[in-house]
file model.cif (mmCIF, C-alpha atoms)
data_query
loop_
_atom_site.label_atom_id
_atom_site.label_comp_id
_atom_site.auth_asym_id
_atom_site.auth_seq_id
_atom_site.Cartn_x
_atom_site.Cartn_y
_atom_site.Cartn_z
CA MET A 103 -27.03 -55.62 -35.42
CA GLU A 104 -24.90 -54.56 -38.39
CA TYR A 105 -26.09 -50.98 -37.89
CA ILE A 106 -25.18 -51.10 -34.19
CA ASP A 107 -21.83 -52.73 -34.95
CA ASP A 108 -21.03 -50.07 -37.55
CA TYR A 109 -21.94 -47.31 -35.11
CA PHE A 110 -19.55 -48.53 -32.44
CA ASN A 111 -16.68 -49.40 -34.75
CA HIS A 112 -16.60 -46.50 -37.22
CA PRO A 113 -16.45 -42.71 -36.91
CA ASN A 114 -19.85 -41.03 -36.68
CA THR A 115 -21.01 -37.55 -37.55
CA VAL A 116 -22.81 -35.45 -34.96
CA GLU A 117 -26.07 -36.07 -36.81
CA GLU A 118 -25.52 -39.84 -36.82
CA LYS A 119 -24.80 -39.82 -33.09
CA GLN A 120 -27.95 -37.83 -32.39
CA GLN A 121 -30.05 -40.19 -34.53
CA PHE A 122 -28.62 -43.21 -32.73
CA GLU A 123 -29.27 -41.75 -29.27
CA GLN A 124 -32.80 -40.67 -30.19
CA ARG A 125 -33.58 -44.16 -31.44
CA ILE A 126 -32.41 -45.61 -28.11
CA ILE A 127 -34.76 -43.27 -26.28
CA HIS A 128 -37.81 -43.82 -28.46
CA ASP A 129 -37.44 -47.44 -29.62
CA VAL A 130 -37.49 -49.95 -26.77
CA SER A 131 -36.70 -52.93 -29.02
CA PHE A 132 -33.70 -51.13 -30.44
CA ALA A 133 -32.54 -50.24 -26.93
CA GLU A 134 -32.70 -53.93 -26.03
CA GLU A 135 -30.58 -54.82 -29.05
CA VAL A 136 -27.95 -52.22 -28.11
CA ALA A 137 -27.88 -53.51 -24.53
CA PHE A 138 -27.45 -57.07 -25.79
CA TYR A 139 -24.70 -56.03 -28.21
CA ILE A 140 -22.74 -54.29 -25.48
CA SER A 141 -23.15 -57.18 -23.04
CA THR A 142 -21.52 -59.52 -25.54
CA HIS A 143 -18.49 -57.26 -25.92
CA HIS A 144 -17.02 -57.42 -22.42
CA ALA A 145 -14.30 -59.77 -23.59
CA ILE A 146 -13.45 -58.01 -26.85
CA LYS A 147 -10.01 -56.47 -26.72
CA GLU A 148 -8.79 -53.04 -27.64
CA GLN A 149 -8.04 -53.56 -31.28
CA LEU A 150 -11.03 -55.78 -32.13
CA GLN A 151 -9.30 -58.24 -34.41
CA ILE A 152 -11.24 -59.51 -37.43
CA GLU A 153 -11.62 -62.98 -35.99
CA GLN A 154 -13.09 -61.54 -32.79
CA LYS A 155 -15.69 -59.64 -34.78
CA GLU A 156 -16.61 -62.77 -36.68
CA ARG A 157 -16.87 -64.70 -33.44
CA PHE A 158 -19.25 -62.07 -32.12
CA ARG A 159 -21.46 -62.46 -35.16
CA GLU A 160 -21.53 -66.23 -34.65
CA LEU A 161 -22.44 -65.77 -30.99
CA TYR A 162 -25.20 -63.40 -31.95
CA GLU A 163 -26.65 -65.87 -34.46
CA GLN A 164 -26.66 -68.51 -31.73
CA GLN A 165 -28.18 -66.23 -29.12
CA LYS A 166 -30.89 -64.51 -31.11
CA THR A 167 -32.96 -67.69 -31.30
CA VAL A 168 -33.03 -68.00 -27.51
CA LEU A 169 -33.58 -64.38 -26.50
CA LEU A 170 -35.92 -64.02 -23.56
CA PRO A 171 -39.51 -63.02 -24.34
CA LYS A 172 -39.93 -59.28 -24.35
CA ARG A 173 -41.05 -57.80 -21.07
CA PRO A 174 -44.05 -55.47 -20.83
CA VAL A 175 -43.17 -52.17 -22.43
CA LYS A 176 -43.49 -50.11 -19.26
CA LYS A 177 -41.06 -52.35 -17.35
CA MET A 178 -38.77 -52.87 -20.30
CA TRP A 179 -38.55 -49.13 -20.97
CA ARG A 180 -36.92 -48.44 -17.63
CA TYR A 181 -34.52 -51.37 -17.99
CA ALA A 182 -33.50 -50.71 -21.57
CA VAL A 183 -32.97 -46.98 -21.25
CA ALA A 184 -31.03 -47.36 -18.00
CA ALA A 185 -28.91 -50.17 -19.41
CA CYS A 186 -28.11 -48.31 -22.59
CA THR A 187 -27.40 -45.02 -20.85
CA VAL A 188 -24.84 -46.67 -18.62
CA ALA A 189 -23.47 -48.67 -21.53
CA VAL A 190 -23.03 -45.71 -23.86
CA VAL A 191 -21.33 -43.64 -21.16
CA GLY A 192 -18.86 -46.44 -20.41
CA LEU A 193 -18.60 -47.73 -23.95
CA SER A 194 -14.98 -46.90 -24.60
CA ARG A 195 -13.96 -48.80 -21.49
CA LEU A 196 -16.25 -51.77 -22.17
CA ILE A 197 -15.48 -52.33 -25.82
CA PHE A 198 -12.14 -50.78 -26.53
CA SER A 199 -10.32 -51.35 -23.27
CA SER A 200 -7.83 -54.17 -23.22
CA GLY A 201 -8.50 -54.62 -19.52
CA ILE A 202 -6.90 -53.10 -16.47
CA SER A 203 -3.67 -51.23 -17.15
CA PRO A 204 -0.37 -51.78 -15.30
CA LYS A 205 -0.72 -48.32 -13.78
CA GLN A 206 -4.19 -49.17 -12.51
CA LEU A 207 -2.89 -52.37 -10.92
CA ALA A 208 -0.23 -50.38 -9.08
CA GLU A 209 -2.76 -47.79 -7.96
CA GLU A 210 -5.19 -50.42 -6.68
CA TYR A 211 -2.40 -52.13 -4.73
CA THR A 212 -1.36 -48.77 -3.27
CA GLN A 213 -4.88 -47.95 -2.12
CA GLN A 214 -5.35 -51.38 -0.58
CA ASN A 215 -1.95 -51.75 1.09
CA TRP A 216 -0.08 -48.47 1.34
CA LYS A 217 -2.65 -45.95 2.52
CA THR A 218 -1.63 -46.80 6.08
CA LEU A 219 1.04 -49.11 7.47
CA ASP A 220 0.68 -51.44 10.45
CA ILE A 221 2.25 -50.24 13.68
CA THR A 222 3.21 -53.17 15.91
CA MET A 223 5.83 -53.68 18.57
CA SER A 224 7.47 -56.29 16.36
CA ASN A 225 8.47 -53.55 13.93
CA GLY A 226 11.24 -52.52 16.26
CA SER A 227 12.52 -49.16 17.48
CA ASP A 228 10.71 -46.05 18.63
CA SER A 229 12.15 -44.24 15.61
CA LEU A 230 10.45 -46.71 13.28
CA GLN A 231 7.19 -46.43 15.19
CA SER A 232 7.41 -42.65 14.95
CA GLY A 233 8.02 -42.83 11.20
CA LEU A 234 5.04 -45.13 10.71
CA ALA A 235 2.83 -42.80 12.76
CA LEU A 236 3.87 -39.87 10.56
CA PHE A 237 3.14 -41.92 7.43
CA ASN A 238 -0.31 -42.92 8.66
CA THR A 239 -1.28 -39.28 9.20
CA GLY A 240 -0.29 -38.42 5.63
CA LYS A 241 3.00 -36.73 6.55
CA TYR A 242 4.96 -38.65 3.95
CA ALA A 243 7.87 -36.22 3.67
CA ALA A 244 8.51 -36.29 7.42
CA ALA A 245 8.13 -40.07 7.46
CA LEU A 246 10.59 -40.43 4.59
CA LEU A 247 13.15 -38.28 6.41
CA GLN A 248 12.76 -40.46 9.50
CA PHE A 249 13.21 -43.71 7.58
CA GLU A 250 16.12 -42.35 5.53
CA THR A 251 17.92 -41.26 8.69
CA MET A 252 17.51 -44.75 10.10
CA ALA A 253 18.76 -46.37 6.88
CA GLU A 254 21.84 -44.12 6.82
CA LYS A 255 22.68 -44.99 10.43
CA ASP A 256 22.21 -48.72 9.85
CA SER A 257 22.60 -50.02 6.30
CA THR A 258 21.32 -53.45 7.41
CA ASN A 259 17.97 -52.07 8.59
CA SER A 260 15.64 -53.68 6.05
CA ASN A 261 12.51 -52.15 7.56
CA ALA A 262 13.94 -48.66 7.17
CA LYS A 263 14.68 -49.33 3.48
CA LYS A 264 11.25 -50.81 2.88
CA TYR A 265 9.35 -47.98 4.51
CA ALA A 266 11.59 -45.31 3.00
CA GLY A 267 10.78 -46.77 -0.42
CA ILE A 268 7.05 -46.76 0.31
CA ALA A 269 7.14 -43.19 1.65
CA ALA A 270 9.04 -42.06 -1.44
CA PHE A 271 6.53 -43.89 -3.66
CA ARG A 272 3.62 -42.10 -1.97
CA GLN A 273 5.24 -38.81 -2.91
CA SER A 274 5.74 -39.94 -6.51
CA GLN A 275 9.50 -40.00 -6.02
CA PHE A 276 9.71 -43.17 -8.02
CA ASP A 277 13.45 -43.13 -8.72
CA LYS A 278 14.18 -42.89 -5.02
CA ALA A 279 11.62 -45.58 -4.24
CA LEU A 280 13.23 -47.91 -6.78
CA SER A 281 16.64 -47.28 -5.22
CA TYR A 282 15.41 -48.34 -1.78
CA PHE A 283 13.43 -51.33 -3.08
CA SER A 284 16.44 -52.45 -5.12
CA ALA A 285 18.65 -52.29 -2.03
CA LEU A 286 15.99 -54.22 -0.12
CA ALA A 287 15.82 -56.91 -2.82
CA LYS A 288 19.57 -57.50 -2.46
CA ASP A 289 19.25 -58.34 1.23
CA THR A 290 19.78 -62.10 1.24
CA ASP A 291 19.34 -62.42 4.99
CA LEU A 292 15.59 -61.87 4.85
CA HIS A 293 13.40 -64.95 4.98
CA SER A 294 10.66 -63.11 3.06
CA ASN A 295 11.71 -60.22 0.86
CA PRO A 296 9.19 -58.03 -1.02
CA GLY A 297 11.89 -55.93 -2.70
CA LYS A 298 11.43 -57.24 -6.25
CA PHE A 299 7.64 -57.08 -6.03
CA TYR A 300 7.77 -53.50 -4.78
CA GLN A 301 10.10 -52.64 -7.66
CA ALA A 302 7.54 -54.02 -10.11
CA ILE A 303 4.75 -51.97 -8.52
CA THR A 304 6.86 -48.82 -8.75
CA LEU A 305 7.76 -49.44 -12.39
CA PHE A 306 4.10 -49.96 -13.25
CA LYS A 307 3.18 -46.74 -11.49
CA ARG A 308 5.99 -44.70 -13.06
CA SER A 309 5.15 -46.07 -16.53
CA GLY A 310 8.23 -44.66 -18.23
CA PRO A 311 9.82 -46.08 -21.40
CA GLY A 312 10.56 -49.75 -20.83
CA ASP A 313 9.10 -49.73 -17.29
CA THR A 314 6.20 -52.06 -18.02
CA ASP A 315 8.38 -54.69 -19.69
CA ALA A 316 10.90 -54.50 -16.85
CA ALA A 317 8.12 -54.89 -14.30
CA LYS A 318 6.69 -57.92 -16.12
CA LYS A 319 10.11 -59.59 -16.09
CA LEU A 320 10.28 -59.06 -12.34
CA LEU A 321 6.80 -60.49 -11.90
CA GLN A 322 7.75 -63.54 -13.97
CA GLU A 323 10.81 -64.07 -11.78
CA ILE A 324 8.71 -63.68 -8.63
CA ALA A 325 6.06 -66.09 -9.89
CA SER A 326 8.59 -68.68 -11.08
CA ASN A 327 10.56 -68.69 -7.84
CA ASP A 328 7.60 -68.32 -5.49
CA LEU A 329 9.03 -65.14 -3.98
CA GLU A 330 7.03 -62.76 -1.83
CA GLY A 331 4.22 -61.34 -3.92
CA SER A 332 3.99 -64.46 -6.12
CA LYS A 333 0.21 -64.71 -5.70
CA GLU A 334 -0.31 -61.17 -6.99
CA ALA A 335 2.39 -61.62 -9.64
CA LYS A 336 0.65 -64.64 -11.17
CA LEU A 337 -2.71 -62.90 -11.16
CA TRP A 338 -1.33 -59.69 -12.68
CA LEU A 339 0.54 -61.53 -15.42
CA LYS A 340 -2.68 -63.30 -16.37
CA GLU A 341 -4.64 -60.02 -16.41
CA LEU A 342 -2.00 -58.30 -18.53
CA LYS A 343 -1.82 -60.96 -21.25
#

call {"tool": "encode", "arguments": {"input": "model.cif", "output": "C-alpha coordinates"}}
result
Amino acid sequence: MEYIDDYFNHPNTVEEKQQFEQRIIHDVSFAEEVAFYISTHHAIKEQLQIEQKERFRELYEQQKTVLLPKRPVKKMWRYAVAACTVAVVGLSRLIFSSGISPKQLAEEYTQQNWKTLDITMSNGSDSLQSGLALFNTGKYAAALLQFETMAEKDSTNSNAKKYAGIAAFRQSQFDKALSYFSALAKDTDLHSNPGKFYQAITLFKRSGPGDTDAAKKLLQEIASNDLEGSKEAKLWLKELK
(Lines of atoms letter the chains of each structure in order from A and count residues from 1; the text may use other names and numbers.)
(Lines give C-alpha, C1' and ligand atoms only; values in the text may rest on other atoms or scores of the structure.)
Protein backbone atom coordinates (compact mmCIF):
# COMPACT_ATOMS: atom_id res chain seq x y z
CA MET A 1 0.00 0.00 0.00
CA GLU A 2 2.92 2.35 0.66
CA TYR A 3 4.17 1.70 -2.87
CA ILE A 4 0.73 2.47 -4.33
CA ASP A 5 0.37 5.56 -2.14
CA ASP A 6 3.80 6.83 -3.23
CA TYR A 7 2.93 6.26 -6.88
CA PHE A 8 -0.21 8.36 -6.72
CA ASN A 9 1.19 11.14 -4.56
CA HIS A 10 4.67 11.72 -6.00
CA PRO A 11 6.06 12.42 -9.48
CA ASN A 12 6.91 9.31 -11.48
CA THR A 13 9.33 8.70 -14.30
CA VAL A 14 8.12 7.16 -17.54
CA GLU A 15 9.80 3.90 -16.55
CA GLU A 16 8.09 3.88 -13.14
CA LYS A 17 4.70 4.49 -14.75
CA GLN A 18 5.26 1.65 -17.21
CA GLN A 19 6.31 -0.71 -14.41
CA PHE A 20 3.24 0.20 -12.38
CA GLU A 21 0.86 -0.33 -15.31
CA GLN A 22 2.49 -3.63 -16.28
CA ARG A 23 2.13 -4.88 -12.71
CA ILE A 24 -1.59 -4.04 -12.79
CA ILE A 25 -1.97 -6.07 -15.97
CA HIS A 26 0.02 -9.10 -14.86
CA ASP A 27 -0.59 -9.24 -11.10
CA VAL A 28 -4.24 -9.74 -10.17
CA SER A 29 -3.62 -9.35 -6.43
CA PHE A 30 -1.83 -6.07 -7.02
CA ALA A 31 -4.68 -4.89 -9.25
CA GLU A 32 -7.10 -5.62 -6.41
CA GLU A 33 -5.00 -3.57 -4.01
CA VAL A 34 -4.93 -0.62 -6.41
CA ALA A 35 -8.71 -0.84 -6.88
CA PHE A 36 -9.19 -0.91 -3.11
CA TYR A 37 -6.83 2.03 -2.62
CA ILE A 38 -8.67 4.15 -5.15
CA SER A 39 -12.09 3.25 -3.75
CA THR A 40 -11.05 4.58 -0.35
CA HIS A 41 -9.99 7.92 -1.82
CA HIS A 42 -13.32 9.25 -3.08
CA ALA A 43 -13.58 11.62 -0.15
CA ILE A 44 -9.97 12.82 -0.13
CA LYS A 45 -9.72 16.44 -1.14
CA GLU A 46 -7.50 18.19 -3.61
CA GLN A 47 -4.54 18.96 -1.42
CA LEU A 48 -4.50 15.70 0.57
CA GLN A 49 -3.71 17.11 3.98
CA ILE A 50 -1.40 15.09 6.23
CA GLU A 51 -4.18 14.15 8.61
CA GLN A 52 -6.26 12.82 5.71
CA LYS A 53 -3.40 10.60 4.62
CA GLU A 54 -3.01 9.28 8.14
CA ARG A 55 -6.73 8.64 8.35
CA PHE A 56 -6.52 6.64 5.14
CA ARG A 57 -3.77 4.49 6.60
CA GLU A 58 -5.90 3.84 9.69
CA LEU A 59 -8.87 2.91 7.53
CA TYR A 60 -6.70 0.55 5.53
CA GLU A 61 -5.42 -1.17 8.68
CA GLN A 62 -9.03 -1.65 9.78
CA GLN A 63 -10.21 -2.89 6.40
CA LYS A 64 -7.42 -5.26 5.45
CA THR A 65 -8.46 -7.77 8.11
CA VAL A 66 -11.98 -8.00 6.66
CA LEU A 67 -11.22 -8.04 2.94
CA LEU A 68 -13.48 -10.38 1.02
CA PRO A 69 -12.00 -13.75 0.05
CA LYS A 70 -10.30 -13.62 -3.30
CA ARG A 71 -12.46 -14.60 -6.23
CA PRO A 72 -11.37 -17.22 -8.75
CA VAL A 73 -8.56 -15.81 -10.84
CA LYS A 74 -10.45 -15.92 -14.13
CA LYS A 75 -13.37 -13.90 -12.73
CA MET A 76 -11.18 -11.63 -10.66
CA TRP A 77 -8.95 -10.84 -13.64
CA ARG A 78 -11.77 -9.23 -15.56
CA TYR A 79 -12.97 -7.28 -12.52
CA ALA A 80 -9.58 -6.07 -11.37
CA VAL A 81 -8.27 -5.00 -14.75
CA ALA A 82 -11.51 -3.23 -15.64
CA ALA A 83 -11.69 -1.51 -12.27
CA CYS A 84 -8.11 -0.35 -12.38
CA THR A 85 -8.27 0.78 -15.99
CA VAL A 86 -11.23 3.01 -15.23
CA ALA A 87 -9.65 4.15 -11.99
CA VAL A 88 -6.30 5.10 -13.50
CA VAL A 89 -7.95 7.00 -16.35
CA GLY A 90 -10.08 9.00 -13.92
CA LEU A 91 -7.52 9.17 -11.14
CA SER A 92 -6.91 12.89 -11.15
CA ARG A 93 -10.62 13.53 -10.75
CA LEU A 94 -11.12 10.84 -8.10
CA ILE A 95 -8.18 11.63 -5.86
CA PHE A 96 -7.17 15.18 -6.51
CA SER A 97 -10.50 16.80 -7.26
CA SER A 98 -12.03 18.84 -4.49
CA GLY A 99 -15.46 18.01 -5.84
CA ILE A 100 -17.65 19.72 -8.38
CA SER A 101 -16.52 23.22 -9.33
CA PRO A 102 -18.72 26.34 -9.29
CA LYS A 103 -18.51 26.47 -13.08
CA GLN A 104 -19.71 22.87 -13.31
CA LEU A 105 -22.66 23.63 -11.04
CA ALA A 106 -23.66 26.50 -13.31
CA GLU A 107 -23.28 24.35 -16.41
CA GLU A 108 -25.36 21.53 -14.95
CA TYR A 109 -28.12 23.97 -13.99
CA THR A 110 -28.03 25.45 -17.49
CA GLN A 111 -28.36 22.06 -19.16
CA GLN A 112 -31.22 21.05 -16.88
CA ASN A 113 -33.18 24.30 -16.90
CA TRP A 114 -32.13 26.63 -19.69
CA LYS A 115 -31.83 24.43 -22.76
CA THR A 116 -35.47 25.21 -23.49
CA LEU A 117 -37.99 27.46 -21.75
CA ASP A 118 -41.64 26.68 -21.08
CA ILE A 119 -44.13 28.31 -23.41
CA THR A 120 -47.50 28.76 -21.71
CA MET A 121 -50.34 31.20 -22.15
CA SER A 122 -49.69 32.50 -18.65
CA ASN A 123 -46.40 33.96 -19.85
CA GLY A 124 -48.28 36.79 -21.49
CA SER A 125 -48.00 38.52 -24.86
CA ASP A 126 -47.48 37.16 -28.34
CA SER A 127 -44.11 38.93 -28.41
CA LEU A 128 -42.97 36.95 -25.37
CA GLN A 129 -44.25 33.71 -26.87
CA SER A 130 -42.39 34.50 -30.08
CA GLY A 131 -39.18 35.19 -28.16
CA LEU A 132 -39.48 31.92 -26.26
CA ALA A 133 -40.07 30.02 -29.50
CA LEU A 134 -36.91 31.54 -30.98
CA PHE A 135 -34.96 30.61 -27.85
CA ASN A 136 -36.18 27.02 -27.93
CA THR A 137 -34.96 26.59 -31.50
CA GLY A 138 -31.48 27.80 -30.54
CA LYS A 139 -31.86 31.26 -32.05
CA TYR A 140 -30.57 33.00 -28.95
CA ALA A 141 -29.52 36.25 -30.62
CA ALA A 142 -32.96 36.76 -32.18
CA ALA A 143 -34.63 35.81 -28.90
CA LEU A 144 -32.46 38.28 -26.99
CA LEU A 145 -33.37 41.07 -29.41
CA GLN A 146 -37.06 40.28 -28.92
CA PHE A 147 -36.81 40.29 -25.13
CA GLU A 148 -34.66 43.44 -25.06
CA THR A 149 -37.16 45.28 -27.23
CA MET A 150 -39.92 44.32 -24.83
CA ALA A 151 -37.89 45.40 -21.79
CA GLU A 152 -37.12 48.79 -23.39
CA LYS A 153 -40.81 49.38 -24.14
CA ASP A 154 -41.90 48.38 -20.64
CA SER A 155 -39.34 48.68 -17.84
CA THR A 156 -41.73 46.87 -15.47
CA ASN A 157 -41.86 43.73 -17.62
CA SER A 158 -40.09 41.26 -15.33
CA ASN A 159 -40.47 38.35 -17.74
CA ALA A 160 -38.71 40.29 -20.47
CA LYS A 161 -35.79 41.04 -18.13
CA LYS A 162 -35.59 37.44 -16.96
CA TYR A 163 -35.61 35.94 -20.42
CA ALA A 164 -33.29 38.59 -21.83
CA GLY A 165 -30.81 37.67 -19.10
CA ILE A 166 -31.11 33.96 -19.88
CA ALA A 167 -30.73 34.54 -23.63
CA ALA A 168 -27.65 36.68 -23.01
CA PHE A 169 -26.25 33.99 -20.70
CA ARG A 170 -26.70 31.33 -23.38
CA GLN A 171 -24.56 33.45 -25.68
CA SER A 172 -21.89 33.88 -22.99
CA GLN A 173 -22.71 37.58 -22.71
CA PHE A 174 -22.35 37.37 -18.98
CA ASP A 175 -22.04 41.09 -18.25
CA LYS A 176 -25.31 41.74 -20.05
CA ALA A 177 -26.95 38.79 -18.32
CA LEU A 178 -25.87 40.11 -14.93
CA SER A 179 -27.30 43.53 -15.78
CA TYR A 180 -30.72 42.06 -16.55
CA PHE A 181 -30.70 39.70 -13.55
CA SER A 182 -29.66 42.55 -11.27
CA ALA A 183 -32.55 44.67 -12.55
CA LEU A 184 -34.86 41.70 -12.02
CA ALA A 185 -33.63 41.22 -8.45
CA LYS A 186 -34.56 44.82 -7.63
CA ASP A 187 -38.19 44.28 -8.60
CA THR A 188 -39.91 44.25 -5.21
CA ASP A 189 -43.36 43.65 -6.68
CA LEU A 190 -42.64 40.03 -7.55
CA HIS A 191 -43.92 37.40 -5.14
CA SER A 192 -41.14 35.02 -6.23
CA ASN A 193 -37.99 36.55 -7.67
CA PRO A 194 -35.12 34.45 -9.06
CA GLY A 195 -32.94 37.47 -9.84
CA LYS A 196 -30.31 36.93 -7.13
CA PHE A 197 -30.08 33.20 -7.82
CA TYR A 198 -29.62 33.83 -11.54
CA GLN A 199 -26.90 36.34 -10.72
CA ALA A 200 -25.08 33.68 -8.70
CA ILE A 201 -25.33 31.17 -11.56
CA THR A 202 -23.93 33.74 -13.99
CA LEU A 203 -21.04 34.64 -11.70
CA PHE A 204 -20.16 30.97 -11.29
CA LYS A 205 -20.22 30.49 -15.04
CA ARG A 206 -18.18 33.62 -15.80
CA SER A 207 -15.61 32.68 -13.12
CA GLY A 208 -13.76 35.98 -13.24
CA PRO A 209 -11.70 37.44 -10.36
CA GLY A 210 -13.91 37.61 -7.28
CA ASP A 211 -16.92 36.07 -9.07
CA THR A 212 -17.03 32.87 -7.03
CA ASP A 213 -16.91 34.69 -3.69
CA ALA A 214 -19.60 37.12 -4.83
CA ALA A 215 -21.78 34.24 -5.98
CA LYS A 216 -21.36 32.43 -2.64
CA LYS A 217 -22.45 35.56 -0.78
CA LEU A 218 -25.57 35.70 -2.92
CA LEU A 219 -26.27 32.03 -2.26
CA GLN A 220 -25.87 32.58 1.48
CA GLU A 221 -28.34 35.47 1.33
CA ILE A 222 -30.78 33.35 -0.69
CA ALA A 223 -30.48 30.41 1.70
CA SER A 224 -30.79 32.56 4.82
CA ASN A 225 -33.88 34.41 3.61
CA ASP A 226 -35.53 31.48 1.87
CA LEU A 227 -35.61 33.32 -1.46
CA GLU A 228 -36.29 31.63 -4.77
CA GLY A 229 -33.52 29.13 -5.42
CA SER A 230 -32.93 28.50 -1.70
CA LYS A 231 -33.06 24.71 -2.11
CA GLU A 232 -30.30 24.76 -4.73
CA ALA A 233 -28.38 27.44 -2.81
CA LYS A 234 -28.19 25.32 0.35
CA LEU A 235 -27.11 22.25 -1.60
CA TRP A 236 -24.48 24.14 -3.59
CA LEU A 237 -23.02 25.80 -0.50
CA LYS A 238 -22.65 22.38 1.11
CA GLU A 239 -20.98 20.93 -2.01
CA LEU A 240 -18.58 23.86 -2.26
CA LYS A 241 -17.34 23.72 1.35

call {"tool": "atom_distance", "arguments": {"input": "model.cif", "atom1": "atom CA of A:Glu250", "atom2": "atom CA of A:Gln214"}}
result
24.1 Å

call {"tool": "resolve_selection", "arguments": {"input": "model.cif", "expression": "the PyMOL selection byres ((chain A and resi 230) around 10)", "output": "list in words"}}
result
Ile221, Met223, Asn225, Gly226, Ser227, Asp228, Ser229, Gln231, Ser232, Gly233, Leu234, Ala235, Leu236, Ala245, Gln248, Phe249, Met252, Asn261, Ala262 and Tyr265 of chain A

call {"tool": "write_last_selection", "arguments": {"input": "model.cif", "atoms": "C-alpha atoms", "output": "CSV table (one decimal), in the frame of the given file"}}
result
chain,number,residue,atom,x,y,z
A,221,ILE,CA,2.2,-50.2,13.7
A,223,MET,CA,5.8,-53.7,18.6
A,225,ASN,CA,8.5,-53.6,13.9
A,226,GLY,CA,11.2,-52.5,16.3
A,227,SER,CA,12.5,-49.2,17.5
A,228,ASP,CA,10.7,-46.0,18.6
A,229,SER,CA,12.2,-44.2,15.6
A,231,GLN,CA,7.2,-46.4,15.2
A,232,SER,CA,7.4,-42.6,15.0
A,233,GLY,CA,8.0,-42.8,11.2
A,234,LEU,CA,5.0,-45.1,10.7
A,235,ALA,CA,2.8,-42.8,12.8
A,236,LEU,CA,3.9,-39.9,10.6
A,245,ALA,CA,8.1,-40.1,7.5
A,248,GLN,CA,12.8,-40.5,9.5
A,249,PHE,CA,13.2,-43.7,7.6
A,252,MET,CA,17.5,-44.8,10.1
A,261,ASN,CA,12.5,-52.2,7.6
A,262,ALA,CA,13.9,-48.7,7.2
A,265,TYR,CA,9.4,-48.0,4.5

call {"tool": "closest_residue", "arguments": {"input": "model.cif", "among": "A:Ala287, A:Ala137, A:Ala269, A:Val116", "to": "A:Glu330", "atoms": "only C-alpha atoms"}}
result
A:Ala287

call {"tool": "closest_residue", "arguments": {"input": "model.cif", "among": "A:His112, A:Lys298, A:Arg272, A:Lys278", "to": "A:Glu323", "atoms": "only C-alpha atoms"}}
result
A:Lys298

call {"tool": "residues_near_point", "arguments": {"input": "model.cif", "point": "(6.1, -55.1, -16.7)", "cutoff": "9 Å", "atoms": "all atoms listed in the file", "output": "ChimeraX atom specification"}}
result
/A:204,302-303,305-306,312-321,339,342

call {"tool": "closest_residue", "arguments": {"input": "model.cif", "among": "A:Tyr211, A:Val136, A:Ile127, A:Ser284", "to": "A:Ala335", "atoms": "only C-alpha atoms"}}
result
A:Tyr211

call {"tool": "axis_aligned_box", "arguments": {"input": "model.cif", "around": "stretch 327-335 of chain A", "padding_each_side": "5 Å", "output": "JSON"}}
result
{"center_x": 5.1, "center_y": -64.9, "center_z": -5.7, "size_x": 20.9, "size_y": 17.5, "size_z": 17.8}

call {"tool": "atom_distance", "arguments": {"input": "model.cif", "atom1": "atom CA of A:Leu286", "atom2": "atom CA of A:Lys263"}}
result
6.2 Å

call {"tool": "atom_distance", "arguments": {"input": "model.cif", "atom1": "atom CA of A:Lys307", "atom2": "atom CA of A:Asn215"}}
result
14.5 Å

call {"tool": "residues_near_point", "arguments": {"input": "model.cif", "point": "(-26.1, -41.4, -31.2)", "cutoff": "12 Å", "atoms": "all atoms listed in the file", "output": "PyMOL selection string"}}
result
chain A and resi 105-106+108-110+113-127+133+136+186-187+190-191
